[in-house]
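Structure data follow from protein-v7.cif (mmCIF, C-alpha atoms and all ligand atoms):
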```cif
data_structure
loop_
_atom_site.label_atom_id
_atom_site.label_comp_id
_atom_site.auth_asym_id
_atom_site.auth_seq_id
_atom_site.Cartn_x
_atom_site.Cartn_y
_atom_site.Cartn_z
CA MET O 1 82.21 157.08 -6.06
CA THR O 2 83.04 157.13 -9.75
CA ALA O 3 82.24 160.34 -11.61
CA TYR O 4 80.43 160.10 -14.96
CA LEU O 5 80.47 162.52 -17.85
CA ILE O 6 77.65 162.15 -20.37
CA THR O 7 78.89 163.87 -23.51
CA GLY O 8 76.85 165.62 -26.16
CA ALA O 9 73.40 164.42 -25.21
CA SER O 10 70.23 166.35 -25.88
CA ILE O 11 69.32 167.27 -22.31
CA VAL O 12 65.62 167.84 -21.87
CA GLY O 13 65.13 171.48 -20.86
CA GLU O 14 68.77 172.40 -21.58
CA GLY O 15 69.65 171.57 -25.19
CA VAL O 16 72.75 169.67 -26.36
CA ALA O 17 75.49 169.70 -23.71
CA ASP O 18 77.70 167.56 -21.48
CA LEU O 19 76.44 166.53 -18.08
CA LEU O 20 78.78 165.73 -15.19
CA ILE O 21 77.72 163.48 -12.33
CA GLU O 22 79.75 163.37 -9.13
CA ASN O 23 78.97 162.23 -5.58
CA GLY O 24 75.37 161.46 -6.41
CA ALA O 25 74.51 164.83 -7.88
CA ILE O 26 74.56 166.71 -11.18
CA VAL O 27 77.53 169.03 -10.66
CA ALA O 28 77.92 170.67 -14.07
CA ILE O 29 76.11 171.06 -17.38
CA GLY O 30 77.81 172.73 -20.33
CA ASN O 31 80.50 172.36 -22.96
CA ASP O 32 84.21 171.64 -22.47
CA LEU O 33 83.70 170.79 -18.81
CA ALA O 34 86.75 170.05 -16.69
CA ARG O 35 87.15 166.27 -16.34
CA PRO O 36 87.81 165.01 -12.81
CA ASP O 37 90.41 162.22 -12.38
CA GLY O 38 89.03 158.77 -13.16
CA VAL O 39 85.84 160.10 -14.73
CA GLU O 40 83.98 157.58 -16.88
CA ILE O 41 82.79 158.89 -20.24
CA VAL O 42 79.33 157.95 -21.46
CA ASP O 43 78.81 158.82 -25.13
CA GLY O 44 75.57 160.77 -25.30
CA SER O 45 75.68 161.87 -28.94
CA GLY O 46 72.35 161.33 -30.67
CA LYS O 47 70.83 160.41 -27.33
CA ILE O 48 68.35 162.10 -25.02
CA ALA O 49 68.91 162.69 -21.30
CA LEU O 50 65.70 162.60 -19.28
CA PRO O 51 65.06 162.97 -15.57
CA GLY O 52 64.84 159.47 -14.04
CA LEU O 53 61.36 158.11 -14.70
CA VAL O 54 58.89 157.62 -11.86
CA ASP O 55 56.19 154.95 -11.95
CA LEU O 56 53.25 155.66 -9.68
CA HIS O 57 51.71 152.21 -10.23
CA THR O 58 53.83 149.03 -10.12
CA HIS O 59 53.04 145.57 -8.80
CA LEU O 60 56.20 144.10 -7.26
CA ARG O 61 54.35 141.07 -5.76
CA GLU O 62 56.60 140.78 -2.70
CA PRO O 63 55.66 139.66 -0.09
CA GLY O 64 53.61 136.64 -1.11
CA ARG O 65 53.98 136.05 -4.84
CA GLU O 66 57.72 135.81 -5.24
CA ASP O 67 57.11 133.34 -8.07
CA ALA O 68 55.73 136.26 -10.14
CA GLU O 69 58.13 139.04 -9.11
CA THR O 70 60.28 140.21 -6.21
CA VAL O 71 61.32 143.69 -5.20
CA LEU O 72 64.77 142.88 -6.62
CA THR O 73 63.60 141.55 -10.01
CA GLY O 74 60.89 144.18 -10.37
CA THR O 75 63.25 147.06 -9.67
CA ARG O 76 65.79 145.55 -12.10
CA ALA O 77 63.05 145.67 -14.73
CA ALA O 78 62.32 149.24 -13.64
CA ALA O 79 65.96 150.26 -14.08
CA MET O 80 66.05 148.66 -17.53
CA GLY O 81 63.00 150.72 -18.39
CA GLY O 82 64.67 153.97 -17.29
CA PHE O 83 62.84 154.27 -13.95
CA THR O 84 64.61 155.45 -10.81
CA ALA O 85 61.54 155.30 -8.55
CA VAL O 86 58.50 153.06 -8.41
CA PHE O 87 55.42 153.05 -6.21
CA ALA O 88 54.62 149.49 -5.13
CA MET O 89 50.93 148.57 -5.06
CA ALA O 90 49.46 147.17 -1.87
CA ASN O 91 47.81 143.99 -3.23
CA THR O 92 50.50 141.71 -1.84
CA ASP O 93 50.10 138.78 0.54
CA PRO O 94 50.00 139.87 3.32
CA VAL O 95 48.35 143.06 2.09
CA ALA O 96 50.37 146.23 2.67
CA ASP O 97 47.86 147.59 5.18
CA THR O 98 50.12 148.06 8.22
CA ALA O 99 53.28 149.99 9.06
CA GLY O 100 55.10 146.64 9.33
CA VAL O 101 54.43 145.51 5.77
CA VAL O 102 55.08 148.89 4.11
CA GLU O 103 58.36 149.20 6.02
CA GLN O 104 59.36 145.72 4.85
CA VAL O 105 58.74 146.63 1.19
CA TRP O 106 60.54 149.95 1.57
CA ARG O 107 63.56 148.24 3.14
CA LEU O 108 63.68 145.55 0.43
CA GLY O 109 63.83 148.34 -2.15
CA ARG O 110 66.74 150.01 -0.40
CA GLU O 111 68.60 146.69 -0.17
CA ALA O 112 68.06 145.85 -3.83
CA GLY O 113 69.44 149.23 -4.88
CA TYR O 114 68.08 149.38 -8.44
CA ALA O 115 65.29 151.92 -7.89
CA ASP O 116 63.75 153.67 -4.93
CA VAL O 117 60.62 151.81 -3.85
CA TYR O 118 57.79 153.80 -2.32
CA PRO O 119 55.12 151.52 -0.89
CA ILE O 120 51.47 152.35 -1.45
CA GLY O 121 49.30 151.52 1.56
CA ALA O 122 45.95 149.75 1.30
CA VAL O 123 42.90 151.90 1.98
CA THR O 124 40.98 149.16 3.78
CA VAL O 125 42.03 146.29 6.03
CA GLY O 126 43.04 143.34 3.83
CA ARG O 127 41.66 145.32 0.85
CA GLN O 128 38.32 143.89 1.94
CA GLY O 129 36.50 147.18 1.47
CA THR O 130 34.83 147.20 4.87
CA GLN O 131 37.08 148.96 7.39
CA LEU O 132 39.73 151.67 7.00
CA ALA O 133 43.32 150.45 7.39
CA GLU O 134 45.81 152.20 9.69
CA LEU O 135 46.48 155.00 7.22
CA GLY O 136 48.07 157.28 9.82
CA ALA O 137 50.43 154.60 11.09
CA MET O 138 51.60 153.89 7.53
CA ALA O 139 52.07 157.62 6.91
CA ASP O 140 54.13 157.97 10.09
CA SER O 141 56.22 154.83 9.41
CA ALA O 142 59.76 154.84 8.01
CA ALA O 143 58.16 154.32 4.57
CA ARG O 144 56.35 157.69 4.87
CA VAL O 145 53.36 156.48 2.83
CA ARG O 146 51.43 159.24 1.06
CA VAL O 147 49.53 157.24 -1.58
CA PHE O 148 46.83 154.77 -0.60
CA SER O 149 44.98 152.35 -2.86
CA ASP O 150 42.98 149.13 -2.78
CA ASP O 151 44.09 148.64 -6.41
CA GLY O 152 42.91 145.37 -7.85
CA ASP O 153 39.60 146.29 -6.25
CA CYS O 154 37.54 149.44 -6.13
CA VAL O 155 36.78 151.23 -2.87
CA TRP O 156 33.18 150.80 -3.79
CA ASP O 157 31.42 151.87 -0.57
CA ALA O 158 30.85 155.62 -0.96
CA ALA O 159 30.83 156.24 2.80
CA LEU O 160 34.15 154.46 3.21
CA MET O 161 35.64 156.34 0.26
CA ARG O 162 34.50 159.59 1.86
CA ARG O 163 36.11 158.63 5.19
CA ALA O 164 39.37 157.69 3.46
CA LEU O 165 39.51 161.04 1.64
CA GLU O 166 38.77 162.84 4.91
CA TYR O 167 41.38 160.88 6.85
CA VAL O 168 44.30 161.47 4.48
CA LYS O 169 43.41 165.14 4.15
CA ALA O 170 44.96 165.70 7.60
CA PHE O 171 48.45 164.92 6.25
CA GLY O 172 47.98 165.70 2.56
CA GLY O 173 47.77 162.07 1.43
CA VAL O 174 46.11 160.91 -1.76
CA ILE O 175 43.61 158.13 -2.46
CA ALA O 176 44.32 156.33 -5.74
CA GLN O 177 41.10 154.75 -6.91
CA HIS O 178 40.77 151.62 -9.06
CA ALA O 179 37.53 152.77 -10.69
CA GLN O 180 35.43 149.67 -11.28
CA GLU O 181 31.80 149.45 -10.27
CA PRO O 182 31.65 145.83 -9.08
CA ARG O 183 27.94 145.20 -9.80
CA LEU O 184 28.37 146.36 -13.40
CA THR O 185 31.40 144.14 -13.96
CA GLN O 186 30.38 140.82 -12.43
CA GLY O 187 32.11 138.11 -14.43
CA ALA O 188 33.29 140.72 -16.95
CA GLN O 189 36.05 139.53 -19.27
CA MET O 190 36.53 142.22 -21.91
CA ASN O 191 35.30 145.61 -23.09
CA GLU O 192 31.52 145.58 -23.64
CA GLY O 193 30.52 146.20 -27.23
CA ALA O 194 29.91 144.51 -30.55
CA LEU O 195 33.10 142.46 -30.27
CA SER O 196 32.29 141.02 -26.82
CA GLY O 197 29.05 139.75 -28.36
CA VAL O 198 30.91 138.14 -31.25
CA LEU O 199 33.54 136.55 -29.01
CA GLY O 200 30.98 135.42 -26.43
CA LEU O 201 32.82 137.01 -23.51
CA THR O 202 30.99 138.88 -20.74
CA GLY O 203 31.21 142.62 -21.34
CA TRP O 204 32.80 145.27 -19.12
CA PRO O 205 30.98 148.49 -19.91
CA SER O 206 32.74 151.86 -19.98
CA VAL O 207 30.15 153.19 -17.56
CA ALA O 208 31.46 150.84 -14.86
CA GLU O 209 34.63 152.96 -14.83
CA GLU O 210 33.03 156.33 -15.56
CA SER O 211 30.35 156.14 -12.86
CA ILE O 212 32.95 155.63 -10.11
CA ILE O 213 35.18 158.40 -11.47
CA ALA O 214 32.24 160.83 -11.55
CA ARG O 215 31.12 159.81 -8.07
CA ASP O 216 34.58 160.15 -6.58
CA ILE O 217 35.23 163.53 -8.16
CA LEU O 218 32.02 164.77 -6.55
CA LEU O 219 32.86 163.13 -3.23
CA ASN O 220 36.28 164.71 -3.27
CA ALA O 221 34.85 168.10 -4.19
CA HIS O 222 32.77 167.77 -1.04
CA VAL O 223 35.70 166.70 1.16
CA GLY O 224 38.46 168.84 -0.37
CA SER O 225 41.11 166.14 -0.28
CA LYS O 226 43.31 164.51 -2.95
CA LEU O 227 41.94 161.98 -5.45
CA HIS O 228 43.93 160.13 -8.09
CA ILE O 229 42.37 157.89 -10.74
CA CYS O 230 44.29 154.73 -11.63
CA HIS O 231 44.55 153.40 -15.21
CA LEU O 232 41.81 155.48 -16.82
CA SER O 233 40.80 153.79 -20.08
CA THR O 234 37.71 155.25 -21.77
CA LYS O 235 36.78 158.29 -23.83
CA GLY O 236 33.99 159.06 -21.35
CA SER O 237 36.45 159.01 -18.45
CA VAL O 238 38.67 161.54 -20.23
CA GLU O 239 35.64 163.79 -20.78
CA ILE O 240 34.62 163.60 -17.12
CA VAL O 241 38.12 164.44 -15.86
CA ARG O 242 38.46 167.24 -18.41
CA ALA O 243 35.16 168.79 -17.33
CA ALA O 244 36.09 168.46 -13.64
CA LYS O 245 39.43 170.17 -14.14
CA LYS O 246 37.73 172.94 -16.08
CA ARG O 247 35.52 173.53 -13.04
CA GLY O 248 38.64 173.68 -10.86
CA LEU O 249 37.99 170.40 -9.08
CA GLU O 250 41.00 168.58 -7.67
CA VAL O 251 41.69 165.27 -9.44
CA THR O 252 44.68 163.62 -11.09
CA ALA O 253 44.63 160.67 -13.44
CA GLU O 254 46.92 158.15 -15.07
CA VAL O 255 46.84 156.11 -18.27
CA THR O 256 48.88 152.98 -18.96
CA PRO O 257 51.12 152.45 -21.99
CA HIS O 258 48.96 149.53 -23.12
CA HIS O 259 45.80 151.65 -23.13
CA LEU O 260 47.68 154.21 -25.26
CA LEU O 261 48.49 151.64 -27.93
CA LEU O 262 46.44 148.45 -27.90
CA THR O 263 42.77 147.84 -28.71
CA GLU O 264 40.25 145.10 -27.99
CA ASP O 265 40.68 143.80 -31.56
CA LEU O 266 43.68 141.81 -30.32
CA LEU O 267 41.26 139.63 -28.37
CA THR O 268 40.09 137.76 -31.48
CA SER O 269 43.17 135.61 -30.78
CA TYR O 270 41.75 134.67 -27.34
CA ASN O 271 45.34 135.03 -26.12
CA PRO O 272 45.14 135.81 -22.37
CA VAL O 273 48.30 137.91 -22.60
CA PHE O 274 45.83 140.64 -23.65
CA LYS O 275 43.61 140.14 -20.61
CA VAL O 276 43.89 143.14 -18.33
CA ASN O 277 41.97 145.26 -15.84
CA PRO O 278 40.56 147.61 -17.06
CA PRO O 279 40.16 145.86 -20.41
CA LEU O 280 41.67 146.99 -23.69
CA ARG O 281 39.11 149.30 -25.28
CA THR O 282 38.29 150.61 -28.79
CA LYS O 283 40.21 152.76 -31.26
CA ALA O 284 38.06 155.77 -30.28
CA ASP O 285 39.05 155.27 -26.64
CA VAL O 286 42.74 155.02 -27.54
CA GLU O 287 42.49 158.27 -29.51
CA ALA O 288 40.74 159.96 -26.58
CA VAL O 289 43.28 158.90 -23.95
CA ARG O 290 46.13 160.03 -26.24
CA GLU O 291 44.46 163.42 -26.62
CA GLY O 292 43.82 163.59 -22.88
CA LEU O 293 47.46 162.84 -22.10
CA ALA O 294 48.67 165.38 -24.65
CA ASP O 295 46.48 168.22 -23.34
CA GLY O 296 47.21 167.44 -19.69
CA THR O 297 43.74 166.19 -18.76
CA ILE O 298 45.47 162.93 -17.92
CA ASP O 299 48.40 163.89 -15.73
CA ILE O 300 50.72 160.94 -16.05
CA VAL O 301 51.62 157.62 -17.61
CA ALA O 302 51.85 154.79 -15.07
CA THR O 303 52.77 151.26 -16.12
CA ASP O 304 50.46 149.13 -13.95
CA HIS O 305 53.24 146.54 -14.40
CA ALA O 306 51.33 143.39 -13.36
CA PRO O 307 53.56 140.32 -13.58
CA HIS O 308 51.98 136.86 -13.48
CA PRO O 309 53.63 133.45 -13.70
CA VAL O 310 53.05 131.32 -16.81
CA GLU O 311 50.55 129.01 -15.12
CA ASP O 312 48.28 131.97 -14.29
CA LYS O 313 48.36 133.37 -17.85
CA ASP O 314 48.84 130.38 -20.13
CA CYS O 315 45.37 128.99 -19.67
CA GLU O 316 41.90 129.38 -21.07
CA TRP O 317 40.74 133.02 -21.29
CA SER O 318 38.18 132.99 -18.47
CA ALA O 319 40.60 131.30 -16.03
CA ALA O 320 43.59 133.55 -16.77
CA ALA O 321 44.70 136.35 -14.45
CA PHE O 322 44.22 140.01 -15.37
CA GLY O 323 47.40 141.96 -15.95
CA MET O 324 50.42 142.60 -18.16
CA THR O 325 54.03 143.58 -17.55
CA GLY O 326 55.15 147.02 -18.64
CA LEU O 327 58.19 148.52 -16.93
CA GLU O 328 60.68 147.71 -19.67
CA THR O 329 58.48 148.77 -22.59
CA ALA O 330 56.74 151.87 -21.19
CA LEU O 331 59.15 154.46 -22.55
CA SER O 332 59.21 152.87 -26.01
CA VAL O 333 55.44 152.60 -26.17
CA VAL O 334 55.01 156.24 -25.14
CA GLN O 335 57.62 157.31 -27.70
CA HIS O 336 55.78 155.33 -30.37
CA ALA O 337 52.25 156.44 -29.42
CA MET O 338 52.90 160.04 -28.39
CA ILE O 339 56.25 161.38 -29.64
CA ASP O 340 56.62 159.73 -33.02
CA THR O 341 53.01 160.80 -33.71
CA LYS O 342 53.92 164.41 -32.77
CA LEU O 343 51.25 164.53 -30.05
CA MET O 344 53.90 165.25 -27.38
CA THR O 345 57.49 166.46 -27.09
CA TRP O 346 60.27 164.91 -25.00
CA ALA O 347 59.75 167.71 -22.48
CA ASP O 348 56.10 166.66 -22.25
CA LEU O 349 57.22 163.08 -21.69
CA ALA O 350 59.55 164.18 -18.87
CA ASP O 351 56.54 165.94 -17.35
CA ARG O 352 54.15 162.97 -17.64
CA MET O 353 56.62 160.24 -16.66
CA SER O 354 58.86 161.99 -14.13
CA TYR O 355 57.90 165.44 -12.77
CA ARG O 356 54.20 164.91 -12.30
CA PRO O 357 54.19 161.35 -10.95
CA ALA O 358 56.81 162.45 -8.39
CA ALA O 359 54.64 165.44 -7.48
CA ILE O 360 51.49 163.34 -7.07
CA GLY O 361 53.44 160.80 -4.99
CA GLN O 362 55.15 163.61 -3.03
CA ILE O 363 58.73 162.43 -3.38
CA GLY O 364 61.11 165.37 -3.56
CA GLU O 365 64.25 163.49 -4.55
CA HIS O 366 62.84 162.34 -7.88
CA GLY O 367 61.09 164.12 -10.70
CA ARG O 368 63.39 167.13 -10.67
CA PRO O 369 64.63 168.92 -13.78
CA LEU O 370 68.16 168.06 -14.88
CA GLU O 371 69.90 171.02 -13.26
CA VAL O 372 73.14 171.58 -11.40
CA GLY O 373 72.63 170.62 -7.77
CA ALA O 374 69.83 168.14 -8.40
CA PRO O 375 70.25 164.49 -7.37
CA ALA O 376 71.68 162.55 -10.33
CA ASN O 377 68.59 160.56 -11.24
CA VAL O 378 69.10 160.44 -14.98
CA THR O 379 67.92 158.27 -17.86
CA LEU O 380 69.79 158.26 -21.15
CA ILE O 381 67.95 156.89 -24.15
CA ASP O 382 68.69 156.30 -27.81
CA PRO O 383 65.46 157.23 -29.61
CA ALA O 384 66.73 156.01 -32.99
CA VAL O 385 67.17 152.34 -32.08
CA GLU O 386 64.41 149.93 -33.09
CA ARG O 387 64.08 146.74 -31.10
CA THR O 388 61.84 143.71 -31.09
CA VAL O 389 60.33 142.83 -27.72
CA VAL O 390 61.46 139.36 -26.62
CA PRO O 391 59.76 138.20 -23.39
CA GLY O 392 62.62 135.85 -22.50
CA GLU O 393 65.05 138.77 -22.36
CA SER O 394 63.10 140.52 -19.62
CA ALA O 395 64.65 141.34 -16.25
CA SER O 396 61.23 140.68 -14.74
CA LEU O 397 60.51 137.19 -13.41
CA SER O 398 57.34 137.13 -15.52
CA ARG O 399 56.89 136.96 -19.26
CA ASN O 400 53.38 138.34 -19.79
CA THR O 401 54.18 141.25 -22.09
CA PRO O 402 51.48 142.09 -24.65
CA PHE O 403 54.18 143.64 -26.86
CA ALA O 404 56.01 140.35 -27.54
CA GLY O 405 57.29 140.30 -31.11
CA MET O 406 56.45 143.95 -31.69
CA LYS O 407 59.04 146.35 -33.07
CA LEU O 408 59.26 149.43 -30.85
CA PRO O 409 61.45 152.53 -31.05
CA GLY O 410 63.83 153.69 -28.36
CA GLN O 411 66.26 151.99 -26.03
CA VAL O 412 67.43 152.87 -22.54
CA VAL O 413 71.21 153.17 -22.71
CA ALA O 414 71.89 154.16 -19.11
CA THR O 415 70.01 154.81 -15.90
CA PHE O 416 71.59 156.59 -12.92
CA LEU O 417 70.13 156.40 -9.43
CA ARG O 418 71.68 159.12 -7.22
CA GLY O 419 74.78 159.01 -9.39
CA THR O 420 75.18 155.24 -9.41
CA PRO O 421 74.51 153.54 -12.75
CA THR O 422 71.87 150.82 -12.49
CA VAL O 423 72.04 150.35 -16.27
CA LEU O 424 75.08 151.05 -18.45
CA ASP O 425 75.51 150.22 -22.16
CA GLY O 426 71.92 148.98 -22.09
CA LYS O 427 72.75 146.32 -19.49
CA LEU O 428 72.07 146.00 -15.77
CA THR O 429 75.01 146.79 -13.53
CA ARG O 430 75.72 144.98 -10.28
CA CYS O 431 74.95 148.06 -8.25
CA GLY O 432 72.69 146.44 -5.69
CA ILE O 433 73.82 145.38 -2.23
CA ASN O 434 72.19 141.97 -2.66
CA SER O 435 73.21 141.32 -6.24
N1 LIG O 501 45.79 145.52 -13.89
C1 LIG O 501 45.57 144.25 -13.77
O1 LIG O 501 45.01 143.65 -14.70
N2 LIG O 501 45.93 143.53 -12.68
C2 LIG O 501 46.50 144.06 -11.48
C3 LIG O 501 45.48 144.68 -10.59
C4 LIG O 501 45.02 146.05 -11.00
O2 LIG O 501 45.84 146.90 -11.39
O3 LIG O 501 43.83 146.35 -10.91
C5 LIG O 501 47.22 142.93 -10.76
O4 LIG O 501 47.55 143.07 -9.58
O5 LIG O 501 47.50 141.90 -11.40
ZN ZN O 502 43.70 148.46 -10.84
ZN ZN O 503 47.41 147.83 -10.73
#
```
Here is the file; what I need is its structure written in the form of structure tokens.
Ligand SMILES: NC(=O)N[C@@H](CC(=O)O)C(=O)O
Ligand SMILES: [Zn+2]
Ligand SMILES: [Zn+2]
Amino acid sequence: MTAYLITGASIVGEGVADLLIENGAIVAIGNDLARPDGVEIVDGSGKIALPGLVDLHTHLREPGREDAETVLTGTRAAAMGGFTAVFAMANTDPVADTAGVVEQVWRLGREAGYADVYPIGAVTVGRQGTQLAELGAMADSAARVRVFSDDGDCVWDAALMRRALEYVKAFGGVIAQHAQEPRLTQGAQMNEGALSGVLGLTGWPSVAEESIIARDILLNAHVGSKLHICHLSTKGSVEIVRAAKKRGLEVTAEVTPHHLLLTEDLLTSYNPVFKVNPPLRTKADVEAVREGLADGTIDIVATDHAPHPVEDKDCEWSAAAFGMTGLETALSVVQHAMIDTKLMTWADLADRMSYRPAAIGQIGEHGRPLEVGAPANVTLIDPAVERTVVPGESASLSRNTPFAGMKLPGQVVATFLRGTPTVLDGKLTRCGINS
């Protein structure tokens, strides 16, 4: 295995120093380090070294929608975005609701080699919301599933949600809820408010999200298990989670990069690239989720990378699929929305995009501080570069980025997965077994 020496980077938690990677681990941090034979030098001056990013919410689409994304293409996009681990959502075809399917996804991730893939198991059989899936069998499988979600749909039946929380409590699992009250969002197309009236699109009220979050926090307080809230998007949701945490109730929550930056005003274009679940909200909501992320009410940023092929997005608004890609732009959007605005530091970003998602997902190998002895999962970024987002340049199979044409700060220069570069000089390497 080649050794790598990153020179003169600003190492989060350590200050400016050199960082030596050998045999998959960080073996030295300091100045004037001895250089092993054949070491490759990576110029880190002016750059920031972060712990490899962890995405708790990615749609890789395999099995079933390999026209939108595969484990290989999705993890290539992840590597380009600085991620070393991604959690793959269960809304595939077949649904990831058995040990067989989660093991398949896990194995595909290992074979691809660009990022570790941790499958999320469905909560209910076929994500149909009527009968609990084999949660224990998925937990005991080679994939060691700890996070369960019917994402795409809400576990709406309160009794079933209670059972799921009770079941995973036995092994410390977590239920990740897609908080969407289905009766309040029938036919909903965009955030409910003055603008939905003007545009003539069926509204999606904030309370459809907030009522489920409130209910589930109370349910979980009763059960004493682990609850995680997916893609929280409203000011009211932030207030509910903040109040719950103040009372000492167990809940974690995520926000997406797009909900940290974009508002419903973009919808006046009727461009379905901005159609997403939950919908883009108002400026007041964006301010509230930024504040919530900064003060720790919202634990993490998760991309909800939701690739869709052109034919599912390039159509009339009401017929288009919900979802946007996000793995390759997440870090830049968070830098723009949270760091360049002075709401967060780089250490905070490492916490929200690496340490805490790894802790919620219970993966020990990732989300560790850059210290001697830790696995070499490292992301090196140049925060000074400005780049324009070009959908055609994406490593993802899909092109549905809402940031197309936008100028964003920051560029991933290198990503190391257990000491092997998946990205070097800003380009994908051929590290994977299958590539
Ligand atoms: N976020 C989305 O708009 N779409 C997701 C489903 C989901 O995350 O709810 C998808 O699978 O396409
Ligand atoms: Zn969802
Ligand atoms: Zn999702």
Taking only C-alpha atoms into account, produce a table as CSV in which each residue of range 314-358 of chain O with an atom at most 10 Å from an atom of range 287-303 of chain O appears once, together with its shortest atom pair and the distance in Å to one decimal, ordered by chain and rising number.
```
residue,atom,partner,partner_atom,distance
O:Met324,CA,O:Thr303,CA,9.2
O:Thr325,CA,O:Thr303,CA,7.9
O:Gly326,CA,O:Thr303,CA,5.5
O:Leu327,CA,O:Thr303,CA,6.1
O:Glu328,CA,O:Thr303,CA,9.4
O:Thr329,CA,O:Thr303,CA,9.0
O:Ala330,CA,O:Thr303,CA,6.5
O:Leu331,CA,O:Val301,CA,9.5
O:Val334,CA,O:Val301,CA,8.4
O:Ala337,CA,O:Arg290,CA,7.8
O:Met338,CA,O:Arg290,CA,7.1
O:Ile339,CA,O:Ala294,CA,9.9
O:Lys342,CA,O:Ala294,CA,9.7
O:Leu343,CA,O:Ala294,CA,6.0
O:Met344,CA,O:Ala294,CA,5.9
O:Thr345,CA,O:Ala294,CA,9.2
O:Asp348,CA,O:Ala294,CA,7.9
O:Leu349,CA,O:Val301,CA,8.8
O:Ala350,CA,O:Ile300,CA,9.8
O:Asp351,CA,O:Ile300,CA,7.8
O:Arg352,CA,O:Ile300,CA,4.3
O:Met353,CA,O:Val301,CA,5.7
O:Ser354,CA,O:Ile300,CA,8.4
O:Tyr355,CA,O:Ile300,CA,9.1
O:Arg356,CA,O:Ile300,CA,6.5
O:Pro357,CA,O:Ile300,CA,6.2
O:Ala358,CA,O:Ile300,CA,9.9
```
Which residues of range 185-299 of chain O come within 9 Å of range 137-155 of chain O, and what is each one's closest atom pair and distance in Å (one decimal), counting all atoms listed in the file, sorted by chain and residue number, as CSV?
```
residue,atom,partner,partner_atom,distance
O:Ile212,CA,O:Cys154,CA,8.7
O:Cys230,CA,O:Asp151,CA,8.0
O:Asn277,CA,O:Gly152,CA,8.0
```
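Proximity of O:Asp285, O:Glu62, O:Glu371, O:Asp382 to ligand LIG 501 (chain O), computed with all atoms listed in the file, is greatest for O:Glu62.
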- Message: Considering all atoms listed in the file, can you say which of O:Met406, O:Val123, O:Val168, O:Leu428 comes closest to Gly136 in chain O?
- Response: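 The answer is O:Val168, which sits nearest to Gly136 in chain O.
Closest approach to ligand LIG 501 (chain O) among O:Phe274, O:Phe416, O:Phe403, O:Phe171 is made by O:Phe274 (distances from all atoms listed in the file).
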- Message: From the options O:Val95, O:Ala359, O:Leu184, O:Leu417, which residue's atoms come nearest to ligand LIG 501 (chain O), counting all atoms listed in the file?
- Response: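 The closest residue to ligand LIG 501 (chain O) is O:Val95.
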- Task: Skip Thr185 in chain O itself and residues of its chain fewer than 5 positions away, then list as an MDAnalysis selection string all residues within 8 Å of it, counting all atoms listed in the file.
- Result: chainID O and resid 180 203:205 208
Please produce, as a tab-separated table, a per-residue contact table for range 67-102 of chain O versus range 390-402 of chain O (criterion: any atom at most 6 Å away, all atoms listed in the file considered), showing the nearest atom pair and its distance in Å to one decimal, sorted by chain then residue number.
```
residue	atom	partner	partner_atom	distance
O:Ala68	CA	O:Ser398	CA	5.7
O:Glu69	CA	O:Leu397	CA	5.3
O:Thr73	CA	O:Ser396	CA	5.4
O:Gly74	CA	O:Ser396	CA	5.6
O:Ala77	CA	O:Ala395	CA	4.9
```
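Each of O:Val198, O:Gly361, O:Pro369, O:Ala376 was compared to Glu14 in chain O using all atoms listed in the file, and O:Pro369 turns out to be the nearest.
Shortest atom-to-atom contact with Glu111 in chain O among O:Gln131, O:Thr75, O:Thr98, O:Thr252: O:Thr75, counting only C-alpha atoms.
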- Query: So how far away is CA of Tyr118 in chain O from CA of Glu103 in chain O, in Å?
  - Reply: 9.5 Å
Test item: axis-aligned box, all listed atoms of ligand LIG 501 (chain O), 8 Å on each side, centre and edges in Å rounded to one decimal, as lines of an AutoDock Vina configuration file:
```
center_x = 45.7
center_y = 144.4
center_z = -12.1
size_x = 19.7
size_y = 21.0
size_z = 21.1
```
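Taking all atoms listed in the file, the non-local environment of Arg215 in chain O within 12 Å (same-chain residues fewer than 3 positions away omitted) comprises Val155, Trp156, Asp157, Ala158, Ala159, Met161, Arg162, Gln177, Ala179, Gln180, Glu181, Val207, Ala208, Glu209, Glu210, Ser211, Ile212, Leu218, Leu219, Asn220, Ala221, His222, Leu227, Ile229, Ser237, Ile240, Val241, Ala244 and Val251 of chain O.
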- Message: Residues near Pro409 in chain O, anyone? I mean within 8 Å using all atoms listed in the file, not counting same-chain ones fewer than 3 positions away, as an MDAnalysis selection string.
- Response: chainID O and resid 332:333 335:336 383:387
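CA of Thr2 in chain O to CA of Leu53 in chain O spans 22.3 Å [interatomic distance, one decimal].
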- Query: Got a sec to check which residues sit within 9 Å of (36.7, 148.8, -23.5), counting only C-alpha atoms, and write them as a ChimeraX atom specification?
  - Reply: /O:190-193,203-206,233-234,263-264,278-282,285
- Item | Distance query Ala319 in chain O at most 12 Å, only C-alpha atoms, self and fewer than 2 positions along chain excluded, as a list of chain:residue names | O:Gly187, O:Ala188, O:Gln189, O:Tyr270, O:Asn271, O:Pro272, O:Lys275, O:Glu311, O:Asp312, O:Lys313, O:Asp314, O:Cys315, O:Glu316, O:Trp317, O:Ala321, O:Phe322
- Shell around Ile6 in chain O at 10 Å using all atoms listed in the file, local window under 4 positions removed, as an NGL selection string: :O and (11 or 17-21 or 29 or 40-45 or 47 or 49 or 380 or 414)
